[in-house]
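Undergrad: See structure.tsv below, with TSV, C-alpha atoms.
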```tsv
chain	number	residue	atom	x	y	z
A	1	MET	CA	91.40	115.68	130.91
A	2	ALA	CA	90.09	113.48	128.10
A	3	ASP	CA	88.20	111.42	130.66
A	4	GLN	CA	86.11	114.31	131.96
A	5	PRO	CA	82.71	114.95	130.47
A	6	ASN	CA	83.25	117.83	128.06
A	7	LEU	CA	80.54	120.03	129.48
A	8	LEU	CA	82.05	119.77	132.96
A	9	ALA	CA	85.47	120.72	131.57
A	10	ASP	CA	83.82	123.63	129.74
A	11	LEU	CA	82.11	124.77	132.93
A	12	ILE	CA	85.38	124.68	134.90
A	13	GLU	CA	87.10	126.63	132.12
A	14	ALA	CA	84.24	129.16	131.93
A	15	LEU	CA	84.34	129.77	135.70
A	16	ARG	CA	87.96	130.87	135.34
A	17	CYS	CA	86.82	134.11	133.73
A	18	LEU	CA	85.91	135.24	137.26
A	19	PRO	CA	88.66	137.30	138.92
A	20	GLY	CA	90.71	135.40	141.49
A	21	VAL	CA	89.44	132.00	140.37
A	22	GLY	CA	92.11	129.51	139.26
A	23	ALA	CA	91.85	125.93	138.05
A	24	LYS	CA	91.39	124.43	141.51
A	25	SER	CA	88.76	126.92	142.74
A	26	ALA	CA	86.88	126.62	139.45
A	27	GLN	CA	86.77	122.86	139.87
A	28	ARG	CA	85.56	123.23	143.46
A	29	MET	CA	82.84	125.68	142.38
A	30	ALA	CA	81.65	123.41	139.56
A	31	PHE	CA	81.46	120.36	141.82
A	32	HIS	CA	79.75	122.35	144.56
A	33	LEU	CA	77.03	123.59	142.22
A	34	LEU	CA	76.50	120.16	140.63
A	35	GLU	CA	76.44	118.26	143.90
A	36	ARG	CA	74.71	120.64	146.27
A	37	ASP	CA	73.19	123.66	144.62
A	38	ARG	CA	71.82	123.09	141.12
A	39	GLU	CA	69.01	125.51	141.81
A	40	GLY	CA	71.50	128.23	142.76
A	41	GLY	CA	73.50	127.42	139.65
A	42	VAL	CA	70.50	127.81	137.36
A	43	HIS	CA	69.54	131.04	139.11
A	44	LEU	CA	73.09	132.36	138.74
A	45	ALA	CA	73.10	131.44	135.04
A	46	GLN	CA	69.84	133.28	134.42
A	47	THR	CA	70.78	136.36	136.44
A	48	LEU	CA	74.18	136.52	134.77
A	49	GLN	CA	72.66	136.27	131.32
A	50	ALA	CA	70.13	139.00	132.08
A	51	ALA	CA	72.74	141.25	133.73
A	52	MET	CA	75.22	140.96	130.86
A	53	GLN	CA	72.52	141.84	128.36
A	54	ARG	CA	70.52	144.48	130.19
A	55	ILE	CA	72.93	146.43	132.40
A	56	GLY	CA	74.28	149.41	130.51
A	57	HIS	CA	75.51	152.83	131.62
A	58	CYS	CA	73.55	155.74	133.02
A	59	LYS	CA	73.37	158.48	130.39
A	60	SER	CA	74.25	161.23	132.84
A	61	CYS	CA	76.74	159.73	135.32
A	62	ARG	CA	78.06	156.64	133.44
A	63	ASN	CA	77.40	154.36	136.42
A	64	PHE	CA	75.98	150.90	135.71
A	65	SER	CA	72.24	151.06	135.22
A	66	GLU	CA	69.44	149.14	133.57
A	67	ALA	CA	67.56	152.33	132.71
A	68	ASP	CA	68.82	155.46	130.92
A	69	ALA	CA	69.12	157.24	134.27
A	70	CYS	CA	70.47	155.37	137.30
A	71	ALA	CA	68.63	155.37	140.62
A	72	ILE	CA	70.88	158.12	142.02
A	73	CYS	CA	70.53	160.44	139.02
A	74	ALA	CA	66.77	159.80	138.92
A	75	ASN	CA	66.42	160.61	142.62
A	76	ALA	CA	65.20	164.21	142.76
A	77	SER	CA	65.94	164.48	146.49
A	78	ARG	CA	69.71	164.30	145.89
A	79	ASP	CA	71.60	167.57	145.73
A	80	ALA	CA	72.41	168.37	142.09
A	81	SER	CA	74.82	171.15	143.07
A	82	LEU	CA	77.34	168.60	144.40
A	83	LEU	CA	79.11	166.30	141.94
A	84	CYS	CA	81.47	163.62	143.23
A	85	VAL	CA	83.79	162.21	140.54
A	86	VAL	CA	84.99	158.64	141.14
A	87	GLU	CA	87.00	156.18	139.08
A	88	THR	CA	84.79	153.09	139.31
A	89	PRO	CA	81.30	151.98	140.39
A	90	ALA	CA	82.98	150.14	143.29
A	91	ASP	CA	84.38	153.47	144.54
A	92	LEU	CA	80.90	154.97	144.28
A	93	LEU	CA	79.47	152.11	146.36
A	94	ALA	CA	82.21	152.52	148.96
A	95	ILE	CA	81.38	156.24	149.33
A	96	GLU	CA	77.64	155.54	149.46
A	97	GLN	CA	78.14	152.96	152.21
A	98	ALA	CA	80.65	154.92	154.30
A	99	THR	CA	79.51	158.52	154.06
A	100	GLY	CA	76.30	160.47	154.28
A	101	TYR	CA	76.94	162.13	150.91
A	102	ARG	CA	73.63	163.12	149.30
A	103	GLY	CA	74.86	164.71	146.07
A	104	ARG	CA	75.27	163.25	142.59
A	105	TYR	CA	78.13	161.27	141.06
A	106	PHE	CA	80.09	161.03	137.87
A	107	VAL	CA	81.84	157.71	137.20
A	108	LEU	CA	84.93	157.91	134.98
A	109	MET	CA	85.03	154.12	134.49
A	110	GLY	CA	88.82	154.27	134.68
A	111	ARG	CA	91.64	156.74	135.18
A	112	LEU	CA	93.94	158.65	132.85
A	113	SER	CA	96.37	156.00	131.66
A	114	PRO	CA	97.87	156.66	128.25
A	115	LEU	CA	99.66	153.28	128.24
A	116	ASP	CA	96.28	151.51	128.46
A	117	GLY	CA	94.80	153.83	125.84
A	118	LEU	CA	92.66	155.63	128.43
A	119	GLY	CA	92.50	159.35	127.67
A	120	PRO	CA	89.93	162.06	128.49
A	121	HIS	CA	87.61	160.80	125.73
A	122	GLU	CA	87.42	157.29	127.24
A	123	LEU	CA	86.66	158.80	130.66
A	124	GLY	CA	83.66	160.72	129.34
A	125	ALA	CA	85.29	164.17	129.28
A	126	GLU	CA	82.70	165.56	126.85
A	127	LEU	CA	79.79	164.43	129.02
A	128	LEU	CA	81.42	165.83	132.16
A	129	THR	CA	82.26	169.16	130.49
A	130	ARG	CA	78.66	169.51	129.27
A	131	ARG	CA	77.41	168.76	132.75
A	132	LEU	CA	79.64	171.40	134.34
A	133	ALA	CA	78.67	173.92	131.64
A	134	GLN	CA	74.98	173.57	132.57
A	135	GLY	CA	75.78	175.62	135.67
A	136	GLU	CA	73.86	173.44	138.11
A	137	VAL	CA	77.00	172.01	139.74
A	138	ARG	CA	78.63	174.28	142.29
A	139	GLU	CA	81.18	171.93	143.84
A	140	MET	CA	83.05	169.05	142.27
A	141	VAL	CA	84.38	166.54	144.83
A	142	ILE	CA	87.35	164.79	143.24
A	143	ALA	CA	87.49	161.30	144.74
A	144	THR	CA	90.03	159.55	142.53
A	145	ASN	CA	92.38	157.04	144.11
A	146	PRO	CA	95.60	158.33	145.71
A	147	THR	CA	97.77	156.58	143.11
A	148	VAL	CA	100.02	158.12	140.47
A	149	GLU	CA	97.38	157.76	137.77
A	150	GLY	CA	94.62	158.83	140.15
A	151	GLU	CA	96.60	161.99	141.01
A	152	ALA	CA	97.10	162.80	137.32
A	153	THR	CA	93.37	162.30	136.78
A	154	ALA	CA	92.61	164.57	139.75
A	155	HIS	CA	94.85	167.28	138.26
A	156	TRP	CA	93.02	167.05	134.93
A	157	LEU	CA	89.63	167.15	136.69
A	158	GLY	CA	90.74	170.22	138.62
A	159	GLN	CA	91.50	171.98	135.32
A	160	LEU	CA	88.08	171.05	133.93
A	161	ALA	CA	86.40	172.48	137.03
A	162	HIS	CA	88.51	175.64	136.86
A	163	ALA	CA	87.58	176.16	133.19
A	164	ALA	CA	83.90	175.82	134.07
A	165	ASN	CA	84.20	178.09	137.12
A	166	VAL	CA	83.21	175.28	139.48
A	167	ARG	CA	84.77	174.94	142.92
A	168	ALA	CA	86.86	171.74	143.10
A	169	THR	CA	87.59	169.89	146.34
A	170	ARG	CA	89.57	166.71	147.05
A	171	LEU	CA	89.27	164.01	149.67
A	172	ALA	CA	91.68	164.59	152.55
A	173	HIS	CA	94.83	162.46	152.57
A	174	GLY	CA	96.71	161.54	155.70
A	175	VAL	CA	97.10	158.99	158.45
A	176	PRO	CA	94.14	156.53	158.42
A	177	LEU	CA	91.92	156.38	161.52
A	178	GLY	CA	92.92	153.61	163.87
A	179	GLY	CA	96.38	153.32	162.31
A	180	GLU	CA	99.57	153.59	164.30
A	181	LEU	CA	102.21	156.04	163.09
A	182	GLU	CA	104.84	153.34	163.48
A	183	TYR	CA	103.20	151.20	160.82
A	184	VAL	CA	101.97	153.88	158.41
A	185	ASP	CA	103.93	153.86	155.14
A	186	ARG	CA	106.49	156.63	154.61
A	187	GLY	CA	104.70	158.36	151.74
A	188	THR	CA	101.47	158.70	153.70
A	189	LEU	CA	103.29	159.87	156.82
A	190	ALA	CA	105.33	162.45	154.89
A	191	HIS	CA	102.15	163.71	153.20
A	192	ALA	CA	100.26	163.90	156.51
A	193	PHE	CA	103.19	165.73	158.13
A	194	GLY	CA	103.40	168.20	155.26
A	195	SER	CA	99.64	168.83	155.34
A	196	ARG	CA	99.49	169.44	159.09
A	197	HIS	CA	97.01	172.10	160.12
A	198	ALA	CA	96.50	174.32	163.14
A	199	LEU	CA	94.40	172.91	165.98
A	200	ASP	CA	91.73	175.54	165.60
A	201	ASP	CA	91.15	174.75	161.91
B	1	MET	CA	71.56	149.32	148.69
B	2	ALA	CA	68.42	150.98	147.42
B	3	ASP	CA	70.53	153.06	145.06
B	4	GLN	CA	71.97	150.09	143.21
B	5	PRO	CA	70.27	148.89	140.05
B	6	ASN	CA	68.28	145.86	141.14
B	7	LEU	CA	69.71	143.51	138.55
B	8	LEU	CA	73.24	144.32	139.70
B	9	ALA	CA	72.28	143.63	143.32
B	10	ASP	CA	70.66	140.37	142.15
B	11	LEU	CA	73.81	139.37	140.30
B	12	ILE	CA	76.01	140.06	143.33
B	13	GLU	CA	73.63	138.04	145.50
B	14	ALA	CA	73.51	135.18	142.96
B	15	LEU	CA	77.32	134.99	142.76
B	16	ARG	CA	77.39	134.31	146.50
B	17	CYS	CA	76.09	130.79	145.87
B	18	LEU	CA	79.64	129.95	144.75
B	19	PRO	CA	81.74	128.42	147.53
B	20	GLY	CA	84.24	130.80	149.11
B	21	VAL	CA	82.62	133.89	147.61
B	22	GLY	CA	81.44	136.54	150.08
B	23	ALA	CA	79.81	139.92	149.55
B	24	LYS	CA	83.02	141.72	148.60
B	25	SER	CA	84.31	139.08	146.17
B	26	ALA	CA	80.87	138.80	144.58
B	27	GLN	CA	80.83	142.56	144.02
B	28	ARG	CA	84.32	142.43	142.53
B	29	MET	CA	83.31	139.58	140.21
B	30	ALA	CA	80.16	141.36	139.05
B	31	PHE	CA	82.03	144.61	138.31
B	32	HIS	CA	84.83	142.74	136.57
B	33	LEU	CA	82.44	140.93	134.25
B	34	LEU	CA	80.41	144.09	133.52
B	35	GLU	CA	83.43	146.30	132.92
B	36	ARG	CA	85.90	144.02	131.24
B	37	ASP	CA	84.50	140.67	130.23
B	38	ARG	CA	80.85	140.69	129.15
B	39	GLU	CA	81.59	138.04	126.56
B	40	GLY	CA	83.06	135.75	129.22
B	41	GLY	CA	80.04	136.45	131.43
B	42	VAL	CA	77.59	135.47	128.72
B	43	HIS	CA	79.62	132.36	127.94
B	44	LEU	CA	79.70	131.44	131.63
B	45	ALA	CA	75.93	131.95	131.90
B	46	GLN	CA	75.26	129.69	128.94
B	47	THR	CA	77.71	126.97	129.99
B	48	LEU	CA	76.36	127.04	133.54
B	49	GLN	CA	72.77	126.74	132.33
B	50	ALA	CA	73.65	123.82	130.05
B	51	ALA	CA	75.75	122.09	132.71
B	52	MET	CA	73.08	122.37	135.42
B	53	GLN	CA	70.50	120.91	133.07
B	54	ARG	CA	72.45	118.27	131.21
B	55	ILE	CA	75.06	116.86	133.59
B	56	GLY	CA	73.67	113.86	135.42
B	57	HIS	CA	75.27	110.77	136.89
B	58	CYS	CA	76.83	107.81	135.11
B	59	LYS	CA	74.53	104.80	135.49
B	60	SER	CA	77.35	102.46	136.41
B	61	CYS	CA	79.84	104.50	138.49
B	62	ARG	CA	77.74	107.49	139.64
B	63	ASN	CA	80.36	109.99	138.46
B	64	PHE	CA	79.12	113.17	136.76
B	65	SER	CA	78.34	112.51	133.12
B	66	GLU	CA	76.23	113.91	130.31
B	67	ALA	CA	75.60	110.45	128.87
B	68	ASP	CA	74.32	107.31	130.62
B	69	ALA	CA	77.87	105.98	130.78
B	70	CYS	CA	80.75	108.32	131.62
B	71	ALA	CA	83.91	108.45	129.49
B	72	ILE	CA	85.80	106.17	131.87
B	73	CYS	CA	83.08	103.51	132.05
B	74	ALA	CA	82.60	103.70	128.28
B	75	ASN	CA	86.32	103.28	127.66
B	76	ALA	CA	86.79	99.59	126.80
B	77	SER	CA	90.57	99.81	127.21
B	78	ARG	CA	90.27	100.36	130.97
B	79	ASP	CA	90.66	97.34	133.22
B	80	ALA	CA	87.23	96.25	134.46
B	81	SER	CA	88.73	93.88	137.03
B	82	LEU	CA	89.96	96.83	139.13
B	83	LEU	CA	87.40	99.03	140.89
B	84	CYS	CA	88.54	102.09	142.81
B	85	VAL	CA	85.92	103.43	145.22
B	86	VAL	CA	86.16	107.18	145.97
B	87	GLU	CA	84.00	109.61	147.92
B	88	THR	CA	83.68	112.41	145.37
B	89	PRO	CA	84.31	113.23	141.69
B	90	ALA	CA	87.10	115.56	142.88
B	91	ASP	CA	88.86	112.57	144.50
B	92	LEU	CA	88.48	110.67	141.23
B	93	LEU	CA	90.07	113.56	139.32
B	94	ALA	CA	92.93	113.75	141.82
B	95	ILE	CA	93.69	110.04	141.37
B	96	GLU	CA	93.41	110.32	137.57
B	97	GLN	CA	95.84	113.22	137.54
B	98	ALA	CA	98.36	111.81	140.01
B	99	THR	CA	98.48	108.10	139.30
B	100	GLY	CA	98.67	105.82	136.29
B	101	TYR	CA	95.58	103.88	137.42
B	102	ARG	CA	93.83	102.36	134.42
B	103	GLY	CA	90.92	100.55	136.12
B	104	ARG	CA	87.35	101.66	136.70
B	105	TYR	CA	85.84	103.79	139.46
B	106	PHE	CA	82.82	103.89	141.69
B	107	VAL	CA	81.90	107.28	143.14
B	108	LEU	CA	79.98	107.18	146.43
B	109	MET	CA	79.04	110.91	146.18
B	110	GLY	CA	79.55	111.20	149.93
B	111	ARG	CA	80.60	109.14	152.92
B	112	LEU	CA	78.70	107.26	155.63
B	113	SER	CA	77.42	110.03	157.85
B	114	PRO	CA	74.24	109.16	159.76
B	115	LEU	CA	73.97	112.70	161.18
B	116	ASP	CA	73.71	114.09	157.63
B	117	GLY	CA	71.27	111.35	156.65
B	118	LEU	CA	73.86	109.61	154.47
B	119	GLY	CA	73.55	105.83	154.77
B	120	PRO	CA	74.47	102.96	152.42
B	121	HIS	CA	71.41	103.63	150.27
B	122	GLU	CA	72.46	107.25	149.57
B	123	LEU	CA	75.95	106.05	148.64
B	124	GLY	CA	74.62	103.66	145.99
B	125	ALA	CA	75.12	100.44	147.98
B	126	GLU	CA	72.67	98.50	145.78
B	127	LEU	CA	74.45	99.52	142.59
B	128	LEU	CA	77.86	98.68	144.04
B	129	THR	CA	76.67	95.31	145.38
B	130	ARG	CA	75.21	94.42	141.98
B	131	ARG	CA	78.45	95.41	140.30
B	132	LEU	CA	80.52	93.24	142.66
B	133	ALA	CA	78.09	90.35	142.22
B	134	GLN	CA	78.65	90.38	138.45
B	135	GLY	CA	82.02	88.77	139.14
B	136	GLU	CA	84.02	91.00	136.79
B	137	VAL	CA	85.72	92.94	139.59
B	138	ARG	CA	88.67	91.15	141.20
B	139	GLU	CA	90.15	93.94	143.33
B	140	MET	CA	88.39	96.81	145.02
B	141	VAL	CA	90.74	99.71	145.85
B	142	ILE	CA	89.20	101.60	148.75
B	143	ALA	CA	90.26	105.24	148.38
B	144	THR	CA	88.07	107.01	150.92
B	145	ASN	CA	89.53	109.93	152.83
B	146	PRO	CA	91.53	109.21	156.01
B	147	THR	CA	88.92	110.91	158.22
B	148	VAL	CA	86.69	109.34	160.86
B	149	GLU	CA	83.77	109.10	158.46
B	150	GLY	CA	86.02	107.96	155.62
B	151	GLU	CA	87.41	105.18	157.83
B	152	ALA	CA	83.90	104.04	158.76
B	153	THR	CA	83.00	104.04	155.08
B	154	ALA	CA	86.14	102.05	154.27
B	155	HIS	CA	85.19	99.47	156.91
B	156	TRP	CA	81.71	99.12	155.41
B	157	LEU	CA	83.18	98.82	151.88
B	158	GLY	CA	85.55	96.12	153.14
B	159	GLN	CA	82.57	94.12	154.38
B	160	LEU	CA	80.79	94.50	151.02
B	161	ALA	CA	83.91	93.25	149.23
B	162	HIS	CA	84.28	90.35	151.65
B	163	ALA	CA	80.64	89.33	151.15
B	164	ALA	CA	81.15	89.34	147.38
B	165	ASN	CA	84.47	87.48	147.61
B	166	VAL	CA	86.38	90.39	146.11
B	167	ARG	CA	89.89	91.27	147.29
B	168	ALA	CA	89.86	94.68	149.01
B	169	THR	CA	92.89	96.97	149.24
B	170	ARG	CA	93.37	100.41	150.79
B	171	LEU	CA	95.61	103.34	149.96
B	172	ALA	CA	98.74	103.39	152.15
B	173	HIS	CA	98.75	105.89	154.99
B	174	GLY	CA	101.90	107.38	156.44
B	175	VAL	CA	104.32	110.27	156.31
B	176	PRO	CA	103.74	112.32	153.12
B	177	LEU	CA	106.60	112.55	150.61
B	178	GLY	CA	108.70	115.69	151.06
B	179	GLY	CA	107.38	116.22	154.58
B	180	GLU	CA	109.63	116.57	157.59
B	181	LEU	CA	108.98	114.33	160.60
B	182	GLU	CA	109.24	117.36	162.87
B	183	TYR	CA	106.21	118.96	161.25
B	184	VAL	CA	104.06	115.89	160.57
B	185	ASP	CA	100.97	115.78	162.82
B	186	ARG	CA	101.00	113.31	165.71
B	187	GLY	CA	98.23	111.05	164.41
B	188	THR	CA	99.94	110.55	161.07
B	189	LEU	CA	103.33	109.95	162.71
B	190	ALA	CA	101.89	107.44	165.19
B	191	HIS	CA	100.13	105.64	162.34
B	192	ALA	CA	103.27	105.60	160.19
B	193	PHE	CA	105.32	104.33	163.14
B	194	GLY	CA	102.82	101.59	163.88
B	195	SER	CA	102.66	100.55	160.22
B	196	ARG	CA	106.46	100.37	159.78
B	197	HIS	CA	107.60	97.56	157.51
B	198	ALA	CA	110.80	95.63	156.93
B	199	LEU	CA	113.23	97.13	154.44
B	200	ASP	CA	112.94	94.21	152.06
B	201	ASP	CA	109.17	94.56	151.73
```
Translate this file's structure into structure tokens.
TA:
Amino acid sequence: MADQPNLLADLIEALRCLPGVGAKSAQRMAFHLLERDREGGVHLAQTLQAAMQRIGHCKSCRNFSEADACAICANASRDASLLCVVETPADLLAIEQATGYRGRYFVLMGRLSPLDGLGPHELGAELLTRRLAQGEVREMVIATNPTVEGEATAHWLGQLAHAANVRATRLAHGVPLGGELEYVDRGTLAHAFGSRHALDD
Amino acid sequence: MADQPNLLADLIEALRCLPGVGAKSAQRMAFHLLERDREGGVHLAQTLQAAMQRIGHCKSCRNFSEADACAICANASRDASLLCVVETPADLLAIEQATGYRGRYFVLMGRLSPLDGLGPHELGAELLTRRLAQGEVREMVIATNPTVEGEATAHWLGQLAHAANVRATRLAHGVPLGGELEYVDRGTLAHAFGSRHALDD
């Protein structure tokens, strides 16, 4: 587009770094901001700049944080004997929003994936091992995703917990609430069938 | 989310000013930039800041432009006797990309819409009238959208052209190429039927 002002073309191109935004959406976003919301655009630019520069990782749980300790780790009222291990900050948020969990977290920032160069070191194994060795944690809740890589990660985490003499638990897998058996995928149904438990459990 | 770092919550909120971006997409975008593309995020922030501050409107066609005259108006090789009037810069881009049109443009930045407070003044009527009065323009191509407001705007533009003794033309309306009659909406089909022309036209 030689006939477009260069800065506008740059803006459209820059917006494409956002996930799920293609050429057409980027163009729509650029025009929307320029025509109707310049103030919002300036605010977004400033917030984005500040966030990219100032948000780092919590030194104890690896979650995103501006300070050395994130709000959850700094909150003395949360139970330090419970440690929930999740793959990403988004998983942490989902658990915070859905459950009444009041323990601490550890964010792997990924999952074991040798093909992507993600091994125990990249997932903060040293930090996690140190934390378990301190003896404060009594139960590790493994909340990795139920995918192949998530399962491998869960297995590895279980070994870490075993080595540190910490009880390890996993989220329950099975038929989702509100689902109909007819439409549940085979793997989930087979797993739920295999993990059936007595009514008085 | 009291447990989220404030800057992250701010970023997620700020991203929601983009059209089509809700709470969940904004969260996904923020995490994506923080985890995988900080460089892209910083670049986006800087481009956005510069664009919001420096992109204004072309003094002769009202399209977005950094300079007083946009690239199309400043391009001496484009035919100044043809003036295509469009509602938005996105419409201009669509025509540039789809057609071989080599004339000039005039961007209304809206359409006649009294309820939204958009009258001739907001659409740059004075500027357009002056431009037509200069006598350089010989044909005005009215390319407003085929909506109720676009039709009203087209009618008004036709009157302006008539008053200035400029020939006015409109984009053809009818059955879209590649469409099947069975699935074309009634209004379009009725219009296309009513506007049928002899084969030797």
Undergrad: Give the residues of chain A that lie within 6 Å of chain B; count only C-alpha atoms, and format the answer as number ranges by chain.
TA: A: 3, 5, 11, 14, 18-19, 29, 38, 42, 44-45, 47-49, 52, 65, 71-72
Undergrad: Find the residues around region 173-175 of chain A up to 9 Å (all atoms listed in the file counted), leave out those fewer than 2 positions away in its own chain, and share them as a PyMOL selection string.
TA: chain A and resi 146+170-171+177-181+184+188-193+195
Undergrad: Could you take the residues named above and write them with C-alpha atoms, as a compact mmCIF listing (two decimals), in the frame of the given file?
TA:
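Dumped to part.txt:
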```txt
# COMPACT_ATOMS: atom_id res chain seq x y z
CA PRO A 146 95.60 158.33 145.71
CA ARG A 170 89.57 166.71 147.05
CA LEU A 171 89.27 164.01 149.67
CA LEU A 177 91.92 156.38 161.52
CA GLY A 178 92.92 153.61 163.87
CA GLY A 179 96.38 153.32 162.31
CA GLU A 180 99.57 153.59 164.30
CA LEU A 181 102.21 156.04 163.09
CA VAL A 184 101.97 153.88 158.41
CA THR A 188 101.47 158.70 153.70
CA LEU A 189 103.29 159.87 156.82
CA ALA A 190 105.33 162.45 154.89
CA HIS A 191 102.15 163.71 153.20
CA ALA A 192 100.26 163.90 156.51
CA PHE A 193 103.19 165.73 158.13
CA SER A 195 99.64 168.83 155.34
```
Undergrad: Could you please determine the separation between CA of Gly158 (chain A) and CA of Pro176 (chain A) in Å, to one decimal place?
TA: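 Atom-to-atom, CA of Gly158 (chain A) and CA of Pro176 (chain A) are spaced 24.3 Å apart.
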Undergrad: So which one's closest to Leu157 (chain A), A:His57, A:Arg102, A:Arg78, A:Arg111? Using only C-alpha atoms, please.
TA: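 Among A:His57, A:Arg102, A:Arg78, A:Arg111, it is A:Arg111 that comes nearest to Leu157 (chain A).
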Undergrad: Taking all atoms listed in the file into account, which of B:Ala164, B:Leu112, B:Val137, B:Leu118 comes nearest Glu151 (chain B)?
TA: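 Closest to Glu151 (chain B) of all the choices is B:Leu112.
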Undergrad: Measure the distance from CA of Leu127 (chain B) to CA of Arg167 (chain B) in Å and round it to one decimal.
TA: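 Taking CA of Leu127 (chain B) as the start and CA of Arg167 (chain B) as the end point, the length is 18.1 Å.
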Undergrad: Once you add 6 Å to each side, what are the centre and edge lengths of the axis-aligned box holding all listed atoms of region 67-74 of chain B? One decimal in Å, as JSON, if you can.
TA:
```
{"center_x": 80.1, "center_y": 107.0, "center_z": 130.2, "size_x": 23.5, "size_y": 18.9, "size_z": 15.8}
```
Undergrad: What does the structure give for the distance between CA of Glu87 (chain B) and CA of Gly22 (chain B), in Å to one decimal?
TA: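 Calculated distance between CA of Glu87 (chain B) and CA of Gly22 (chain B) is 27.1 Å.
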